[in-house]
Amino acid sequence: MTAPTTSPDTPDMAWTDADLKQDPHIDAEKAEKVRAMFGAIAPKYDLNNRLHSFGRDQAWRKKTVKLLDLKPTDAALDVACGTGDLTRAIKAGGAASVVGVDFTPEMLDVARTKGDGLTYIQGDAMALPFEDESFDVVTIAFGLRNVQDPAKAVGEFARVLRPGGRIAILEFDRPSPAPVGWMNDLYCKRIMPITATLIARDRSGAYKYLPRSIETFLDRPSMRSLLENAGLQVTTQRRLTFGVCVCHIAVKAP
């Protein structure tokens with residue numbers, strides 16, 4: 001069984017097989033490829049998330065909100081908000097306000113159809129359109145590895161965060177023990193790219209990029225270093241579902 005293929009000259013293809021033989025995180029055109037990819041899969045994004053995480057994606061977001069220990073006075077910013085799942089979970093978790101920001105207009109179009117009354121803004125994680133120290137909480141779920149320069153994005157998160165504020169980064173990781181890792185690799189690298197591509201009728205290469213972007217991204221020690229280099233104190237690195245993903249919580253010094 002092989003994943004559906006598309007000719008590299010297909011106009012709407014963002015990631016070719018040749019691209020993904022290399023590390024996608026060092027691709028000079030990564031940002032525009034990511035934007036094109038998410039624009040292509042936006043209509044079926046939620047469906048694929050629910051099906052291919054077996055519903056765990058929502059549980060991971062709820063756990064992230066719980067770990068943030070939100071206060072009724074908190075102003076929150078959800079970066080790479082996509083269709084707004086974490087944005088809504090933050091509001092439901094008790095924050096005073098929450099704004100969602102995303103790089104891809106098509107994803108925001110889906111978020112705005114959900115009638116949640118929240119504010120969604122198009123913006124770049126590496127150049128957030130907010131003043132210094134504007135938020136008590138900054139979050140990003142499954143989005144940091146899609147940014148052209150993660151260190152620059154984390155620096156922006158720290159800039160817009162008030163002293164004493166918290167950052168939560170929810171990101172995929174390498175699960176353990178070994179049998180779980182093996183099954184996860186089989187599922188993510190062999191099965192999911194085929195089924196998700198068919199459901200989304202995707203021609204962008206998005207679901208081939210996904211597993212490749214995870215295996216070549218930062219591990220837990222590297223993520224800790226990234227946050228500490230931005231002047232943040234890491235308080236939690238909570239493994240979820242055998243470490244399929246990790247919730248990293250950091251605090252800006254008061």
# chains A, B, ... in the order shown; residues from 1 in each chain; ligands from 1
>>> residues_around(residues="Ile169 (chain A)", least_positions_apart="6", cutoff="6 Å", atoms="only C-alpha atoms", output="NGL selection string")
:A and (139-141 or 247-248)
>>> residues_around(residues="Thr64 (chain A)", least_positions_apart="2", cutoff="10 Å", atoms="only C-alpha atoms", output="ChimeraX atom specification")
/A:58-62,66-69,86,89-90,139,141,168-170,238,240,246-249
>>> closest_atom_pairs(of="region 171-198 of chain A", to="region 51-54 of chain A", cutoff="12 Å", atoms="only C-alpha atoms", output="tab-separated table")
residue	atom	partner	partner_atom	distance
A:Phe172	CA	A:Ser53	CA	11.5
A:Asn184	CA	A:Ser53	CA	11.0
A:Tyr187	CA	A:His52	CA	9.2
A:Cys188	CA	A:His52	CA	9.0
A:Ile191	CA	A:His52	CA	9.7
A:Met192	CA	A:His52	CA	6.9
A:Pro193	CA	A:His52	CA	9.9
A:Ile194	CA	A:His52	CA	11.2
A:Thr195	CA	A:His52	CA	8.7
A:Ala196	CA	A:His52	CA	7.6
A:Thr197	CA	A:His52	CA	11.4
>>> write_last_selection(atoms="N, CA and C atoms", output="tab-separated table (two decimals), in the first residue's frame")
chain	number	residue	atom	x	y	z
A	172	PHE	N	4.18	17.50	19.25
A	172	PHE	CA	4.44	16.08	19.10
A	172	PHE	C	5.88	15.75	19.49
A	184	ASN	N	3.76	3.61	16.77
A	184	ASN	CA	3.49	5.00	16.38
A	184	ASN	C	4.13	5.33	15.04
A	187	TYR	N	2.11	3.73	12.25
A	187	TYR	CA	0.85	4.45	12.04
A	187	TYR	C	1.09	5.81	11.36
A	188	CYS	N	2.04	6.58	11.92
A	188	CYS	CA	2.24	7.96	11.45
A	188	CYS	C	2.95	8.04	10.11
A	191	ILE	N	0.47	4.53	7.63
A	191	ILE	CA	-1.00	4.45	7.51
A	191	ILE	C	-1.63	5.83	7.40
A	192	MET	N	-1.33	6.70	8.37
A	192	MET	CA	-1.96	8.01	8.42
A	192	MET	C	-1.76	8.85	7.16
A	193	PRO	N	-0.56	8.89	6.55
A	193	PRO	CA	-0.42	9.70	5.34
A	193	PRO	C	-1.37	9.29	4.22
A	194	ILE	N	-1.69	8.01	4.15
A	194	ILE	CA	-2.59	7.53	3.10
A	194	ILE	C	-4.04	7.92	3.42
A	195	THR	N	-4.49	7.57	4.62
A	195	THR	CA	-5.90	7.79	4.96
A	195	THR	C	-6.22	9.28	5.08
A	196	ALA	N	-5.33	10.05	5.70
A	196	ALA	CA	-5.59	11.49	5.85
A	196	ALA	C	-5.57	12.19	4.50
A	197	THR	N	-4.67	11.79	3.62
A	197	THR	CA	-4.60	12.38	2.28
A	197	THR	C	-5.88	12.10	1.50
>>> closest_residue(among="A:Arg190, A:Arg203, A:Lys63, A:Lys252", to="Gly155 (chain A)", atoms="only C-alpha atoms")
A:Lys252
>>> residues_around(residues="Lys152 (chain A)", least_positions_apart="2", cutoff="10 Å", atoms="only C-alpha atoms", output="list in words")
Ala125, Met126, Ala127, Val147, Gln148, Asp149, Pro150, Val154, Gly155, Glu156, Phe157, Ala158, Leu226 and Ala230 of chain A
>>> select_by_dssp(residues="region 32-212 of chain A", states="alpha helix (DSSP H)", output="PyMOL selection string")
chain A and resi 32-41+45-52+56-68+85-92+105-112+150-160+178-186+192-200+206-212
>>> residues_around(residues="Leu108 (chain A)", least_positions_apart="3", cutoff="8 Å", atoms="only C-alpha atoms", output="ChimeraX atom specification")
/A:82-84,102,104-105,111-112,120-122
>>> write_last_selection(atoms="N, CA and C atoms", output="short mmCIF file (atom, residue, chain, number, x, y, z; two decimals), in the first residue's frame")
data_model
loop_
_atom_site.label_atom_id
_atom_site.label_comp_id
_atom_site.auth_asym_id
_atom_site.auth_seq_id
_atom_site.Cartn_x
_atom_site.Cartn_y
_atom_site.Cartn_z
N GLY A 82 -5.01 27.88 14.23
CA GLY A 82 -5.72 27.02 13.29
C GLY A 82 -7.21 27.28 13.28
N THR A 83 -7.98 26.22 13.48
CA THR A 83 -9.44 26.35 13.48
C THR A 83 -10.00 26.69 14.85
N GLY A 84 -9.12 26.99 15.81
CA GLY A 84 -9.56 27.55 17.09
C GLY A 84 -9.85 26.57 18.20
N ASP A 102 -3.22 33.23 13.50
CA ASP A 102 -2.73 32.17 12.62
C ASP A 102 -2.20 32.78 11.33
N THR A 104 -2.43 31.32 8.34
CA THR A 104 -3.15 30.85 7.16
C THR A 104 -4.59 31.35 7.14
N PRO A 105 -4.97 32.17 6.18
CA PRO A 105 -6.33 32.73 6.15
C PRO A 105 -7.42 31.66 6.09
N ALA A 111 -12.27 28.74 11.55
CA ALA A 111 -12.45 29.11 12.95
C ALA A 111 -13.62 30.08 13.12
N ARG A 112 -13.73 31.03 12.22
CA ARG A 112 -14.77 32.06 12.35
C ARG A 112 -16.17 31.54 12.06
N TYR A 120 -10.16 36.41 15.98
CA TYR A 120 -9.13 35.70 15.23
C TYR A 120 -8.45 36.68 14.28
N ILE A 121 -7.12 36.68 14.32
CA ILE A 121 -6.32 37.63 13.55
C ILE A 121 -5.28 36.88 12.73
N GLN A 122 -5.10 37.31 11.49
CA GLN A 122 -4.01 36.74 10.71
C GLN A 122 -2.70 37.39 11.13
#
>>> closest_residue(among="A:Thr236, A:Thr73, A:Thr119, A:Asn146", to="Tyr209 (chain A)", atoms="only C-alpha atoms")
A:Asn146
>>> closest_residue(among="A:Val99, A:Asp132, A:Pro221, A:Asp85", to="Asp57 (chain A)", atoms="only C-alpha atoms")
A:Asp85
>>> residues_around(residues="region 14-30 of chain A", least_positions_apart="5", cutoff="9 Å", atoms="only C-alpha atoms", output="number ranges by chain")
A: 5-8, 35-37, 145-149, 203-206, 208-209, 212-213, 216-217
>>> write_last_selection(atoms="C-alpha atoms", output="JSON list (two decimals), in the first residue's frame")
[["chain", "number", "residue", "atom", "x", "y", "z"],
["A", 5, "THR", "CA", 1.32, 10.58, -5.28],
["A", 6, "THR", "CA", 1.27, 13.80, -7.20],
["A", 7, "SER", "CA", 3.66, 15.02, -9.84],
["A", 8, "PRO", "CA", 6.16, 17.53, -8.41],
["A", 35, "ARG", "CA", 0.89, 28.29, 4.49],
["A", 36, "ALA", "CA", -0.03, 26.61, 1.18],
["A", 37, "MET", "CA", -0.28, 23.23, 2.88],
["A", 145, "ARG", "CA", 7.59, 23.08, 14.35],
["A", 146, "ASN", "CA", 5.80, 24.74, 11.40],
["A", 147, "VAL", "CA", 7.42, 28.13, 12.03],
["A", 148, "GLN", "CA", 10.39, 29.12, 9.86],
["A", 149, "ASP", "CA", 12.48, 30.11, 12.91],
["A", 203, "ARG", "CA", -2.44, 17.33, -3.21],
["A", 204, "SER", "CA", -0.13, 19.54, -1.13],
["A", 205, "GLY", "CA", 1.88, 16.76, 0.53],
["A", 206, "ALA", "CA", 0.70, 17.88, 3.98],
["A", 208, "LYS", "CA", 3.75, 13.33, 4.25],
["A", 209, "TYR", "CA", 5.26, 16.47, 5.76],
["A", 212, "ARG", "CA", 8.83, 14.04, 8.68],
["A", 213, "SER", "CA", 8.47, 17.37, 10.50],
["A", 216, "THR", "CA", 13.36, 16.10, 12.53],
["A", 217, "PHE", "CA", 12.14, 18.60, 15.17]]
>>> select_by_dssp(residues="region 26-171 of chain A", states="strand (DSSP E or B)", output="PyMOL selection string")
chain A and resi 75-79+97-102+119-122+124+127+135-141+161-171
>>> residues_around(residues="Phe130 (chain A)", least_positions_apart="2", cutoff="10 Å", atoms="only C-alpha atoms", output="ChimeraX atom specification")
/A:77,127-128,132-135,156,159-160
>>> write_last_selection(atoms="C-alpha atoms", output="CSV table (one decimal), in the first residue's frame")
chain,number,residue,atom,x,y,z
A,77,LEU,CA,-3.0,34.6,23.1
A,127,ALA,CA,6.4,39.1,14.3
A,128,LEU,CA,3.3,39.2,16.5
A,132,ASP,CA,5.2,44.2,24.7
A,133,GLU,CA,3.8,42.6,27.8
A,134,SER,CA,0.2,42.4,26.5
A,135,PHE,CA,-0.8,38.9,27.7
A,156,GLU,CA,8.2,36.9,20.4
A,159,ARG,CA,8.2,39.7,24.4
A,160,VAL,CA,4.4,39.9,24.5
>>> closest_residue(among="A:Asp124, A:Asp219, A:Glu32, A:Glu106", to="Asp173 (chain A)", atoms="only C-alpha atoms")
A:Asp219
